[in-house]
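For reference, input_9.txt is printed below; it contains compact mmCIF, N, CA and C atoms.
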# COMPACT_ATOMS: atom_id res chain seq x y z
N MET A 1 -5.10 -26.56 -18.42
CA MET A 1 -4.48 -25.29 -18.17
C MET A 1 -4.55 -24.99 -16.67
N ALA A 2 -3.43 -24.60 -16.07
CA ALA A 2 -3.38 -24.32 -14.64
C ALA A 2 -4.07 -23.00 -14.33
N GLN A 3 -4.78 -22.97 -13.21
CA GLN A 3 -5.47 -21.77 -12.79
C GLN A 3 -4.49 -20.84 -12.06
N GLU A 4 -4.57 -19.54 -12.35
CA GLU A 4 -3.71 -18.57 -11.66
C GLU A 4 -4.05 -18.54 -10.19
N PRO A 5 -3.06 -18.35 -9.31
CA PRO A 5 -3.36 -18.23 -7.89
C PRO A 5 -4.15 -16.94 -7.63
N SER A 6 -5.00 -16.99 -6.65
CA SER A 6 -5.84 -15.85 -6.28
C SER A 6 -5.11 -14.96 -5.28
N LEU A 7 -5.44 -13.68 -5.26
CA LEU A 7 -4.93 -12.77 -4.23
C LEU A 7 -5.75 -12.87 -2.95
N SER A 8 -6.85 -13.61 -2.99
CA SER A 8 -7.68 -13.76 -1.79
C SER A 8 -6.85 -14.36 -0.67
N GLY A 9 -6.97 -13.80 0.52
CA GLY A 9 -6.27 -14.33 1.68
C GLY A 9 -5.71 -13.23 2.55
N ARG A 10 -4.90 -13.67 3.50
CA ARG A 10 -4.26 -12.77 4.47
C ARG A 10 -2.78 -12.69 4.12
N TRP A 11 -2.27 -11.46 3.96
CA TRP A 11 -0.89 -11.23 3.54
C TRP A 11 -0.17 -10.37 4.58
N GLU A 12 0.95 -10.87 5.10
CA GLU A 12 1.77 -10.09 6.03
C GLU A 12 2.78 -9.30 5.21
N VAL A 13 2.70 -7.97 5.34
CA VAL A 13 3.46 -7.04 4.52
C VAL A 13 4.64 -6.47 5.30
N SER A 14 5.80 -6.42 4.64
CA SER A 14 6.99 -5.74 5.17
C SER A 14 7.47 -4.76 4.11
N GLY A 15 7.42 -3.48 4.46
CA GLY A 15 7.91 -2.43 3.56
C GLY A 15 9.26 -1.95 4.04
N GLU A 16 10.24 -1.98 3.16
CA GLU A 16 11.60 -1.57 3.51
C GLU A 16 11.66 -0.06 3.72
N ALA A 17 12.53 0.39 4.63
CA ALA A 17 12.82 1.81 4.75
C ALA A 17 13.41 2.27 3.42
N ALA A 18 13.10 3.50 3.03
CA ALA A 18 13.59 4.01 1.75
C ALA A 18 13.85 5.51 1.86
N SER A 19 14.73 6.01 1.00
CA SER A 19 15.02 7.44 0.95
C SER A 19 15.52 7.79 -0.44
N GLY A 20 15.53 9.08 -0.73
CA GLY A 20 15.99 9.52 -2.04
C GLY A 20 15.91 11.02 -2.17
N PHE A 21 15.99 11.49 -3.41
CA PHE A 21 15.96 12.92 -3.70
C PHE A 21 14.71 13.26 -4.50
N THR A 22 14.14 14.42 -4.22
CA THR A 22 12.99 14.90 -4.97
C THR A 22 13.45 15.57 -6.26
N ALA A 23 12.53 15.79 -7.17
CA ALA A 23 12.86 16.47 -8.42
C ALA A 23 13.39 17.88 -8.16
N GLY A 24 12.97 18.50 -7.07
CA GLY A 24 13.42 19.85 -6.73
C GLY A 24 14.73 19.89 -5.98
N GLY A 25 15.38 18.75 -5.78
CA GLY A 25 16.67 18.71 -5.10
C GLY A 25 16.60 18.48 -3.60
N GLY A 26 15.39 18.33 -3.06
CA GLY A 26 15.24 18.01 -1.64
C GLY A 26 15.42 16.53 -1.40
N THR A 27 15.21 16.12 -0.17
CA THR A 27 15.31 14.71 0.17
C THR A 27 13.98 14.22 0.73
N TRP A 28 13.78 12.92 0.66
CA TRP A 28 12.62 12.29 1.27
C TRP A 28 13.07 11.00 1.92
N SER A 29 12.30 10.55 2.92
CA SER A 29 12.59 9.26 3.56
C SER A 29 11.30 8.66 4.07
N ARG A 30 11.26 7.35 4.13
CA ARG A 30 10.12 6.60 4.65
C ARG A 30 10.66 5.57 5.63
N ASN A 31 10.00 5.45 6.77
CA ASN A 31 10.36 4.42 7.74
C ASN A 31 9.89 3.06 7.23
N ALA A 32 10.47 2.01 7.77
CA ALA A 32 9.99 0.66 7.47
C ALA A 32 8.53 0.57 7.94
N VAL A 33 7.73 -0.18 7.22
CA VAL A 33 6.30 -0.32 7.50
C VAL A 33 5.95 -1.80 7.51
N SER A 34 5.09 -2.19 8.43
CA SER A 34 4.57 -3.56 8.41
C SER A 34 3.07 -3.52 8.66
N GLY A 35 2.39 -4.55 8.19
CA GLY A 35 0.96 -4.61 8.37
C GLY A 35 0.39 -5.84 7.71
N VAL A 36 -0.93 -5.87 7.61
CA VAL A 36 -1.63 -7.03 7.05
C VAL A 36 -2.65 -6.56 6.01
N LEU A 37 -2.56 -7.12 4.82
CA LEU A 37 -3.59 -6.96 3.80
C LEU A 37 -4.48 -8.20 3.87
N THR A 38 -5.77 -7.99 4.01
CA THR A 38 -6.73 -9.08 3.96
C THR A 38 -7.57 -8.86 2.70
N ALA A 39 -7.40 -9.73 1.71
CA ALA A 39 -7.94 -9.48 0.38
C ALA A 39 -8.95 -10.52 -0.06
N THR A 40 -9.89 -10.07 -0.89
CA THR A 40 -10.83 -10.93 -1.59
C THR A 40 -10.74 -10.59 -3.06
N GLN A 41 -10.60 -11.62 -3.89
CA GLN A 41 -10.55 -11.42 -5.33
C GLN A 41 -11.76 -12.07 -5.97
N GLN A 42 -12.49 -11.29 -6.78
CA GLN A 42 -13.60 -11.81 -7.58
C GLN A 42 -13.34 -11.38 -9.00
N GLY A 43 -12.93 -12.32 -9.85
CA GLY A 43 -12.51 -11.97 -11.20
C GLY A 43 -11.27 -11.09 -11.12
N GLU A 44 -11.32 -9.91 -11.73
CA GLU A 44 -10.19 -8.98 -11.68
C GLU A 44 -10.34 -7.96 -10.55
N THR A 45 -11.46 -7.99 -9.84
CA THR A 45 -11.75 -7.01 -8.80
C THR A 45 -11.20 -7.46 -7.45
N LEU A 46 -10.51 -6.52 -6.78
CA LEU A 46 -9.94 -6.78 -5.45
C LEU A 46 -10.60 -5.87 -4.43
N SER A 47 -10.83 -6.39 -3.23
CA SER A 47 -11.33 -5.59 -2.13
C SER A 47 -10.80 -6.21 -0.84
N GLY A 48 -10.88 -5.44 0.24
CA GLY A 48 -10.42 -5.94 1.53
C GLY A 48 -10.03 -4.82 2.46
N THR A 49 -9.08 -5.12 3.36
CA THR A 49 -8.62 -4.13 4.33
C THR A 49 -7.10 -4.15 4.46
N TRP A 50 -6.55 -2.99 4.82
CA TRP A 50 -5.13 -2.82 5.15
C TRP A 50 -5.07 -2.36 6.59
N THR A 51 -4.29 -3.09 7.40
CA THR A 51 -4.11 -2.75 8.80
C THR A 51 -2.63 -2.56 9.05
N ASP A 52 -2.26 -1.38 9.55
CA ASP A 52 -0.86 -1.13 9.90
C ASP A 52 -0.80 -0.75 11.37
N ALA A 53 0.20 -0.02 11.79
CA ALA A 53 0.38 0.31 13.20
C ALA A 53 -0.69 1.29 13.72
N ARG A 54 -1.33 2.01 12.81
CA ARG A 54 -2.37 2.95 13.23
C ARG A 54 -3.63 2.18 13.58
N PRO A 55 -4.43 2.70 14.50
CA PRO A 55 -5.67 1.99 14.86
C PRO A 55 -6.67 1.95 13.71
N GLY A 56 -7.34 0.84 13.58
CA GLY A 56 -8.41 0.69 12.60
C GLY A 56 -7.93 0.23 11.24
N ALA A 57 -8.66 -0.70 10.67
CA ALA A 57 -8.35 -1.21 9.33
C ALA A 57 -8.92 -0.25 8.28
N LEU A 58 -8.18 -0.06 7.20
CA LEU A 58 -8.63 0.78 6.09
C LEU A 58 -9.16 -0.09 4.96
N PRO A 59 -10.40 0.10 4.53
CA PRO A 59 -10.90 -0.64 3.37
C PRO A 59 -10.13 -0.26 2.12
N PHE A 60 -9.97 -1.21 1.19
CA PHE A 60 -9.35 -0.91 -0.09
C PHE A 60 -10.13 -1.55 -1.23
N HIS A 61 -9.87 -1.02 -2.43
CA HIS A 61 -10.41 -1.56 -3.67
C HIS A 61 -9.29 -1.55 -4.69
N GLY A 62 -9.36 -2.45 -5.66
CA GLY A 62 -8.32 -2.47 -6.67
C GLY A 62 -8.65 -3.41 -7.80
N ARG A 63 -7.64 -3.61 -8.67
CA ARG A 63 -7.79 -4.46 -9.84
C ARG A 63 -6.56 -5.34 -9.99
N ARG A 64 -6.80 -6.45 -10.62
CA ARG A 64 -5.72 -7.38 -10.97
C ARG A 64 -5.80 -7.64 -12.46
N SER A 65 -4.62 -7.67 -13.10
CA SER A 65 -4.54 -8.00 -14.52
C SER A 65 -3.35 -8.93 -14.69
N GLY A 66 -3.63 -10.22 -14.94
CA GLY A 66 -2.56 -11.21 -15.00
C GLY A 66 -1.91 -11.32 -13.63
N ASP A 67 -0.58 -11.20 -13.59
CA ASP A 67 0.13 -11.26 -12.30
C ASP A 67 0.19 -9.90 -11.61
N ALA A 68 -0.16 -8.82 -12.32
CA ALA A 68 -0.04 -7.46 -11.77
C ALA A 68 -1.32 -7.05 -11.02
N PHE A 69 -1.14 -6.21 -9.99
CA PHE A 69 -2.28 -5.69 -9.25
C PHE A 69 -2.00 -4.27 -8.80
N GLU A 70 -3.07 -3.54 -8.50
CA GLU A 70 -2.98 -2.22 -7.89
C GLU A 70 -4.17 -2.07 -6.96
N ILE A 71 -3.90 -1.64 -5.73
CA ILE A 71 -4.98 -1.39 -4.78
C ILE A 71 -4.74 -0.04 -4.12
N GLN A 72 -5.84 0.59 -3.68
CA GLN A 72 -5.76 1.87 -3.01
C GLN A 72 -6.76 1.87 -1.86
N THR A 73 -6.29 2.31 -0.68
CA THR A 73 -7.17 2.34 0.48
C THR A 73 -8.03 3.60 0.45
N GLU A 74 -9.05 3.58 1.29
CA GLU A 74 -9.80 4.81 1.55
C GLU A 74 -8.86 5.76 2.29
N SER A 75 -9.16 7.03 2.25
CA SER A 75 -8.34 8.04 2.93
C SER A 75 -8.62 8.05 4.42
N ARG A 76 -7.62 8.52 5.16
CA ARG A 76 -7.77 8.68 6.61
C ARG A 76 -7.14 10.01 7.01
N ALA A 77 -7.70 10.65 8.03
CA ALA A 77 -7.15 11.90 8.57
C ALA A 77 -5.91 11.56 9.40
N VAL A 78 -4.81 12.25 9.11
CA VAL A 78 -3.55 12.01 9.77
C VAL A 78 -3.03 13.34 10.33
N PRO A 79 -2.62 13.37 11.62
CA PRO A 79 -2.06 14.61 12.16
C PRO A 79 -0.77 14.97 11.43
N ALA A 80 -0.57 16.27 11.20
CA ALA A 80 0.63 16.75 10.50
C ALA A 80 0.97 18.15 10.98
N THR A 81 2.21 18.53 10.78
CA THR A 81 2.65 19.90 11.03
C THR A 81 3.17 20.45 9.71
N ILE A 82 2.52 21.51 9.23
CA ILE A 82 2.90 22.11 7.97
C ILE A 82 3.26 23.57 8.24
N ASP A 83 4.51 23.94 7.90
CA ASP A 83 5.02 25.29 8.16
C ASP A 83 4.81 25.69 9.62
N GLY A 84 5.02 24.73 10.53
CA GLY A 84 4.93 24.99 11.96
C GLY A 84 3.53 25.00 12.52
N VAL A 85 2.51 24.71 11.70
CA VAL A 85 1.12 24.74 12.15
C VAL A 85 0.58 23.31 12.22
N ALA A 86 0.05 22.92 13.39
CA ALA A 86 -0.55 21.60 13.56
C ALA A 86 -1.87 21.55 12.79
N THR A 87 -2.06 20.48 12.04
CA THR A 87 -3.26 20.31 11.23
C THR A 87 -3.50 18.83 11.02
N THR A 88 -4.48 18.49 10.22
CA THR A 88 -4.66 17.12 9.76
C THR A 88 -4.74 17.14 8.24
N ILE A 89 -4.27 16.08 7.63
CA ILE A 89 -4.34 15.93 6.19
C ILE A 89 -4.92 14.57 5.87
N ARG A 90 -5.52 14.42 4.70
CA ARG A 90 -6.10 13.16 4.27
C ARG A 90 -5.05 12.37 3.49
N MET A 91 -4.79 11.13 3.93
CA MET A 91 -3.77 10.28 3.33
C MET A 91 -4.39 8.93 2.99
N ARG A 92 -3.80 8.25 1.99
CA ARG A 92 -4.24 6.90 1.62
C ARG A 92 -3.02 6.11 1.16
N TRP A 93 -3.12 4.79 1.28
CA TRP A 93 -2.07 3.88 0.83
C TRP A 93 -2.37 3.40 -0.58
N THR A 94 -1.32 3.30 -1.40
CA THR A 94 -1.41 2.70 -2.72
C THR A 94 -0.37 1.59 -2.81
N PHE A 95 -0.80 0.41 -3.24
CA PHE A 95 0.08 -0.75 -3.43
C PHE A 95 0.04 -1.14 -4.90
N ARG A 96 1.21 -1.34 -5.50
CA ARG A 96 1.32 -1.82 -6.88
C ARG A 96 2.35 -2.95 -6.88
N GLY A 97 2.04 -4.02 -7.60
CA GLY A 97 3.01 -5.10 -7.62
C GLY A 97 2.55 -6.28 -8.44
N THR A 98 3.19 -7.41 -8.15
CA THR A 98 2.90 -8.66 -8.84
C THR A 98 2.75 -9.79 -7.84
N LEU A 99 2.02 -10.80 -8.25
CA LEU A 99 1.80 -12.01 -7.46
C LEU A 99 2.58 -13.15 -8.08
N GLU A 100 3.36 -13.85 -7.26
CA GLU A 100 4.05 -15.07 -7.70
C GLU A 100 3.83 -16.11 -6.61
N LYS A 101 2.96 -17.06 -6.89
CA LYS A 101 2.57 -18.11 -5.94
C LYS A 101 2.03 -17.47 -4.67
N ASP A 102 2.76 -17.57 -3.56
CA ASP A 102 2.29 -17.05 -2.28
C ASP A 102 3.09 -15.83 -1.83
N VAL A 103 3.58 -15.04 -2.79
CA VAL A 103 4.37 -13.85 -2.47
C VAL A 103 3.91 -12.68 -3.36
N LEU A 104 3.69 -11.53 -2.72
CA LEU A 104 3.44 -10.29 -3.43
C LEU A 104 4.70 -9.45 -3.33
N ARG A 105 5.10 -8.82 -4.43
CA ARG A 105 6.26 -7.92 -4.45
C ARG A 105 5.86 -6.66 -5.21
N GLY A 106 6.36 -5.53 -4.73
CA GLY A 106 6.07 -4.30 -5.44
C GLY A 106 6.46 -3.08 -4.66
N THR A 107 5.68 -2.01 -4.85
CA THR A 107 5.92 -0.77 -4.14
C THR A 107 4.65 -0.33 -3.44
N MET A 108 4.85 0.41 -2.36
CA MET A 108 3.74 0.98 -1.60
C MET A 108 4.06 2.44 -1.35
N SER A 109 3.01 3.26 -1.30
CA SER A 109 3.22 4.67 -0.99
C SER A 109 2.06 5.19 -0.15
N PHE A 110 2.37 6.12 0.73
CA PHE A 110 1.39 6.76 1.60
C PHE A 110 1.17 8.14 1.00
N ASP A 111 0.08 8.30 0.26
CA ASP A 111 -0.15 9.47 -0.59
C ASP A 111 -1.12 10.47 0.04
N ARG A 112 -0.78 11.74 -0.08
CA ARG A 112 -1.69 12.81 0.33
C ARG A 112 -2.81 12.88 -0.70
N GLU A 113 -4.05 12.94 -0.22
CA GLU A 113 -5.22 12.83 -1.08
C GLU A 113 -5.23 13.83 -2.24
N GLU A 114 -4.88 15.08 -1.99
CA GLU A 114 -5.00 16.09 -3.05
C GLU A 114 -3.67 16.44 -3.70
N SER A 115 -2.66 15.59 -3.57
CA SER A 115 -1.33 15.87 -4.11
C SER A 115 -0.88 14.76 -5.06
N GLU A 116 0.26 15.00 -5.67
CA GLU A 116 0.91 13.98 -6.49
C GLU A 116 1.25 12.78 -5.60
N PRO A 117 1.33 11.57 -6.17
CA PRO A 117 1.70 10.40 -5.37
C PRO A 117 3.06 10.59 -4.70
N ALA A 118 3.19 10.03 -3.51
CA ALA A 118 4.45 10.08 -2.76
C ALA A 118 5.47 9.15 -3.40
N GLN A 119 6.72 9.31 -3.00
CA GLN A 119 7.76 8.39 -3.46
C GLN A 119 7.46 7.00 -2.91
N PRO A 120 7.48 5.97 -3.75
CA PRO A 120 7.16 4.62 -3.29
C PRO A 120 8.34 3.96 -2.57
N GLN A 121 8.00 2.98 -1.75
CA GLN A 121 9.02 2.16 -1.11
C GLN A 121 8.72 0.70 -1.42
N PRO A 122 9.77 -0.12 -1.55
CA PRO A 122 9.56 -1.53 -1.88
C PRO A 122 8.86 -2.28 -0.73
N PHE A 123 8.08 -3.29 -1.10
CA PHE A 123 7.49 -4.16 -0.09
C PHE A 123 7.49 -5.59 -0.59
N ILE A 124 7.36 -6.50 0.35
CA ILE A 124 7.14 -7.91 0.07
C ILE A 124 6.05 -8.37 1.04
N ALA A 125 5.18 -9.24 0.57
CA ALA A 125 4.11 -9.77 1.42
C ALA A 125 4.03 -11.28 1.21
N LYS A 126 3.86 -11.97 2.31
CA LYS A 126 3.75 -13.44 2.25
C LYS A 126 2.38 -13.86 2.73
N ARG A 127 1.79 -14.81 2.00
CA ARG A 127 0.46 -15.32 2.35
C ARG A 127 0.55 -16.09 3.67
N LYS A 128 -0.43 -15.85 4.52
CA LYS A 128 -0.50 -16.54 5.81
C LYS A 128 -1.77 -17.36 5.86
N PRO A 129 -1.73 -18.49 6.56
CA PRO A 129 -2.93 -19.34 6.64
C PRO A 129 -4.07 -18.65 7.39
Same coordinates, now as structure tokens:
Amino acid sequence: MAQEPSLSGRWEVSGEAASGFTAGGGTWSRNAVSGVLTATQQGETLSGTWTDARPGALPFHGRRSGDAFEIQTESRAVPATIDGVATTIRMRWTFRGTLEKDVLRGTMSFDREESEPAQPQPFIAKRKP
């Protein structure tokens, strides 16, 4: 019986720009995102770091079940303007997808810690040596 490929390794991520409509009739948009997931898999448990354009790698934890996986980073303080007032909010990344050989495909979202998940955007990641 062939062994399933592991998620352990370095993955270069490209998230497509995305936009759409909210349930309330508003609009949302996300810029294209790129970064690196560095993952370790032990059984079904995933851990590692996500590094994007912002300084500092974010640790993550997650699970894998068959070809499917879900990971979520620790939260980070992000500057924001809400109703014209400068503030900071806590945000985290969530990745959901599947593994096929040396490619991860799925959706990623940058979620506000105390709110409903953000609208996801598609991503693809390729394993790097």
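Taking only N, CA and C atoms into account, the residues near (0.4, 3.4, 3.4), no farther than 8 Å, are Thr73, Met91, Arg92, Trp93, Thr94, Phe95, Met108, Ser109, Phe110 and Asp111 of chain A.
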Mind the document's chain letters and residue numbers, and return as a PyMOL selection string the residues of chain A that DSSP labels strand (DSSP E or B). chain A and resi 9-15+18-21+27-30+33-42+45-51+58-65+68-73+76-82+85-100+103-112+121-128
By how many Å are CA of Pro122 (chain A) and CA of Ser29 (chain A) apart? 12.5 Å
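Checking A:Thr38, A:Ser19, A:Thr98, A:Ser14 one by one against Gly66 (chain A), counting all atoms listed in the file, you find the shortest gap at A:Thr98.
Using only C-alpha atoms, the residues found no farther than 8 Å from Val103 (chain A), other than those of its own chain fewer than 2 positions away, are Leu99, Glu100, Lys101, Arg105, Ile124, Ala125, Lys126 and Arg127 of chain A.
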Create the file for the chosen residues now, containing N, CA and C atoms and written as a short mmCIF file (atom, residue, chain, number, x, y, z; two decimals), in the frame of the given file.
data_model
loop_
_atom_site.label_atom_id
_atom_site.label_comp_id
_atom_site.auth_asym_id
_atom_site.auth_seq_id
_atom_site.Cartn_x
_atom_site.Cartn_y
_atom_site.Cartn_z
N LEU A 99 2.02 -10.80 -8.25
CA LEU A 99 1.80 -12.01 -7.46
C LEU A 99 2.58 -13.15 -8.08
N GLU A 100 3.36 -13.85 -7.26
CA GLU A 100 4.05 -15.07 -7.70
C GLU A 100 3.83 -16.11 -6.61
N LYS A 101 2.96 -17.06 -6.89
CA LYS A 101 2.57 -18.11 -5.94
C LYS A 101 2.03 -17.47 -4.67
N ARG A 105 5.10 -8.82 -4.43
CA ARG A 105 6.26 -7.92 -4.45
C ARG A 105 5.86 -6.66 -5.21
N ILE A 124 7.36 -6.50 0.35
CA ILE A 124 7.14 -7.91 0.07
C ILE A 124 6.05 -8.37 1.04
N ALA A 125 5.18 -9.24 0.57
CA ALA A 125 4.11 -9.77 1.42
C ALA A 125 4.03 -11.28 1.21
N LYS A 126 3.86 -11.97 2.31
CA LYS A 126 3.75 -13.44 2.25
C LYS A 126 2.38 -13.86 2.73
N ARG A 127 1.79 -14.81 2.00
CA ARG A 127 0.46 -15.32 2.35
C ARG A 127 0.55 -16.09 3.67
#
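Distance-wise, atom N of Ala23 (chain A) and atom C of Arg112 (chain A) end up 16.9 Å apart.
Counting from CA of Ala57 (chain A), the distance to CA of Trp28 (chain A) is 26.2 Å.
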I'd like the neighbourhood of Gly35 (chain A) as a ChimeraX atom specification, where a residue qualifies if any of its atoms comes within 9 Å (using only C-alpha atoms), though same-chain residues fewer than 5 positions away should be ignored. /A:11-15,50-53
Once you have the residues from the selection above, write them out as a JSON list (two decimals), keeping the file's coordinate frame, restricted to N, CA and C atoms.
[["chain", "number", "residue", "atom", "x", "y", "z"],
["A", 11, "TRP", "N", -2.27, -11.46, 3.96],
["A", 11, "TRP", "CA", -0.89, -11.23, 3.54],
["A", 11, "TRP", "C", -0.17, -10.37, 4.58],
["A", 12, "GLU", "N", 0.95, -10.87, 5.10],
["A", 12, "GLU", "CA", 1.77, -10.09, 6.03],
["A", 12, "GLU", "C", 2.78, -9.30, 5.21],
["A", 13, "VAL", "N", 2.70, -7.97, 5.34],
["A", 13, "VAL", "CA", 3.46, -7.04, 4.52],
["A", 13, "VAL", "C", 4.64, -6.47, 5.30],
["A", 14, "SER", "N", 5.80, -6.42, 4.64],
["A", 14, "SER", "CA", 6.99, -5.74, 5.17],
["A", 14, "SER", "C", 7.47, -4.76, 4.11],
["A", 15, "GLY", "N", 7.42, -3.48, 4.46],
["A", 15, "GLY", "CA", 7.91, -2.43, 3.56],
["A", 15, "GLY", "C", 9.26, -1.95, 4.04],
["A", 50, "TRP", "N", -6.55, -2.99, 4.82],
["A", 50, "TRP", "CA", -5.13, -2.82, 5.15],
["A", 50, "TRP", "C", -5.07, -2.36, 6.59],
["A", 51, "THR", "N", -4.29, -3.09, 7.40],
["A", 51, "THR", "CA", -4.11, -2.75, 8.80],
["A", 51, "THR", "C", -2.63, -2.56, 9.05],
["A", 52, "ASP", "N", -2.26, -1.38, 9.55],
["A", 52, "ASP", "CA", -0.86, -1.13, 9.90],
["A", 52, "ASP", "C", -0.80, -0.75, 11.37],
["A", 53, "ALA", "N", 0.20, -0.02, 11.79],
["A", 53, "ALA", "CA", 0.38, 0.31, 13.20],
["A", 53, "ALA", "C", -0.69, 1.29, 13.72]]
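Distances here use only C-alpha atoms; by that measure, the residue among A:Pro5, A:Glu116, A:Val85, A:Val33 closest to Ala18 (chain A) is A:Val33.
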